[in-house]
Amino acid sequence: MKNAFVRGALAATLTLVSAGVMAQENGNRDERGGIVRGPYETNRFFDNIFIGIAGGVNVYHGENDSHGGFGKRLAPALDLNVGKWITPAVGVRIGYSGLNAKGWTFGQTAYAKSPVGEGFYREKFGVSYLHGDFMWNLSDAVSGYKQTRTWNFVPFLGAGWARSYGNGTYKNEFALSAGLLNDIRLCDLLDLTLEMRHLFVNQRFDGVARGGRGEGMTSVTVGLSFKLNRRGFRRVKPVAAPDYTPYLTRIDALENARNILEAEKKTLADENARLREREPETVQVASVSATPVALFFRIGQATLDKKELANLDFYVKNALEADREKVFTLCGSADKATGTAAGNQRLSEKRMEYVYKLLVEKYGVAKERLRKVAEGDRNNLFADPELNRAVIIR
């Protein structure tokens, strides 16, 4: 009878909760209508913490359940727990479950209370189950995470330490549990919980061991779950695929430039080869004709300063030597704005002789290539008197 009850309760809860889950609007689909299931950002240690408190009934399944009515086996239940959602679909919690259990036992046993006839006694004892649970939010796992979903369906498995106690005695046993948690959203901070759990314990848990494969206790509770600190999960934003188009375009441009340079390199190599095989050509050098130059003297002076000597040196090396067949005329002059005609004549002669001597003695110019003329102030070529104090080599 106890197994039939457990199976029936589990099947009913599963059917109701599954229907509720499927009836909800997801609100978490992408632009193509597909369910969004993550990935989600890893939360901090104290994020998505919840504390639950619930009350209800315990139904213990022992050796003599068929002796009395089902209603007389109902006992008060209390659940206290604290947990954390690690991901939208996976969570853990630790808690206390239990309070009292009722039933019947044959003969005077540790937890027997009062006789009911034919050797049977009413049985009542305290139950304490300290456990850890692994929870799986089937709603988020199947339909995708939605923080504002009204109803979440959460199966869980648990294990821990169970203790029965009463009449000055007690039993400690390792226990397993499985159950279904219906989490109904009331607001951001508060959920209503409807939970059914079945506890699996050793045959001797109620103080009687008369064979069999084990005993257990089914609990149905209603309570509240308080959500602390940061609540909910944020989906990791998808990273846009990198656009390599500018780089590929640049690579193509560089490849084209390299191909062009390779072609130009080949063209230059072919041109160099042709030039190396080409016969030498005779180059006709055109004759150079020296242009006139004016060497300027200071007023009343018949010698040149350093600047004019540098001009004469440059002229000799670049003009006179380039035109070796030409006969040059040295024409001395003085400005008519100062001095007398006779004095200017003598000054022009001194200036001309000074330059002539430099050309012959310093630079080794042949005398037959030089013709001397002294014009005094008769043929001033320039409007500025200062410029007529000169020797012009033509």
# chains A, B, ... in the order shown; residues from 1 in each chain; ligands from 1
>>> residues_around(residues="A:Val201", least_positions_apart="6", cutoff="8 Å", atoms="only C-alpha atoms", output="list of chain:residue names")
A:Ala162, A:Glu173, A:Phe174, A:Ala175, A:Leu176, A:Gly214, A:Glu215, A:Gly216
>>> write_last_selection(atoms="N, CA and C atoms", output="mmCIF file, in the first residue's frame")
data_model
loop_
_atom_site.group_PDB
_atom_site.id
_atom_site.type_symbol
_atom_site.label_atom_id
_atom_site.label_comp_id
_atom_site.auth_asym_id
_atom_site.auth_seq_id
_atom_site.Cartn_x
_atom_site.Cartn_y
_atom_site.Cartn_z
ATOM 1 N N ALA A 162 19.647 10.662 9.318
ATOM 2 C CA ALA A 162 18.284 10.635 9.858
ATOM 3 C C ALA A 162 18.315 10.095 11.279
ATOM 4 N N GLU A 173 20.535 6.764 11.420
ATOM 5 C CA GLU A 173 20.687 6.013 10.179
ATOM 6 C C GLU A 173 21.117 6.931 9.046
ATOM 7 N N PHE A 174 21.888 6.369 8.115
ATOM 8 C CA PHE A 174 22.142 7.061 6.846
ATOM 9 C C PHE A 174 20.879 6.954 6.004
ATOM 10 N N ALA A 175 20.494 8.041 5.347
ATOM 11 C CA ALA A 175 19.229 8.051 4.611
ATOM 12 C C ALA A 175 19.403 8.709 3.252
ATOM 13 N N LEU A 176 18.541 8.323 2.348
ATOM 14 C CA LEU A 176 18.455 8.928 1.016
ATOM 15 C C LEU A 176 17.059 9.490 0.828
ATOM 16 N N GLY A 214 13.133 -2.306 3.816
ATOM 17 C CA GLY A 214 13.343 -0.939 4.237
ATOM 18 C C GLY A 214 12.044 -0.226 4.507
ATOM 19 N N GLU A 215 12.145 0.935 5.095
ATOM 20 C CA GLU A 215 10.979 1.751 5.393
ATOM 21 C C GLU A 215 11.224 3.158 4.868
ATOM 22 N N GLY A 216 10.252 3.986 5.072
ATOM 23 C CA GLY A 216 10.416 5.349 4.600
ATOM 24 C C GLY A 216 9.333 6.258 5.118
#
>>> closest_residue(among="A:Asp335, A:Asp270, A:Glu123, A:Asp133", to="A:Asn81", atoms="only C-alpha atoms")
A:Asp133
>>> closest_residue(among="A:Ala257, A:Ala273, A:Ala366, A:Ala337", to="A:Asp384", atoms="only C-alpha atoms")
A:Ala337
>>> closest_residue(among="A:Asn272, A:Leu320, A:Gly126, A:Ser333", to="A:Phe382", atoms="only C-alpha atoms")
A:Ser333
>>> closest_residue(among="A:Thr148, A:Tyr60, A:Phe233, A:Glu118", to="A:Leu199", atoms="only C-alpha atoms")
A:Tyr60
>>> closest_residue(among="A:Gly339, A:Gly207, A:Gly83, A:Gly52", to="A:Trp104", atoms="only C-alpha atoms")
A:Gly207
>>> closest_residue(among="A:Thr267, A:Thr169, A:Thr340, A:Asn311", to="A:Tyr111", atoms="only C-alpha atoms")
A:Thr169
>>> select_by_dssp(residues="stretch 214-281 of chain A", states="alpha helix (DSSP H)", output="PyMOL selection string")
chain A and resi 245-277
>>> select_by_dssp(residues="stretch 98-228 of chain A", states="strand (DSSP E or B)", output="PyMOL selection string")
chain A and resi 98-106+112-117+120-136+151-166+169-185+190-201+215-228
>>> residues_around(residues="A:Lys84", least_positions_apart="3", cutoff="6 Å", atoms="only C-alpha atoms", output="list in words")
Asn48, Ile49, Gly91 and Val92 of chain A
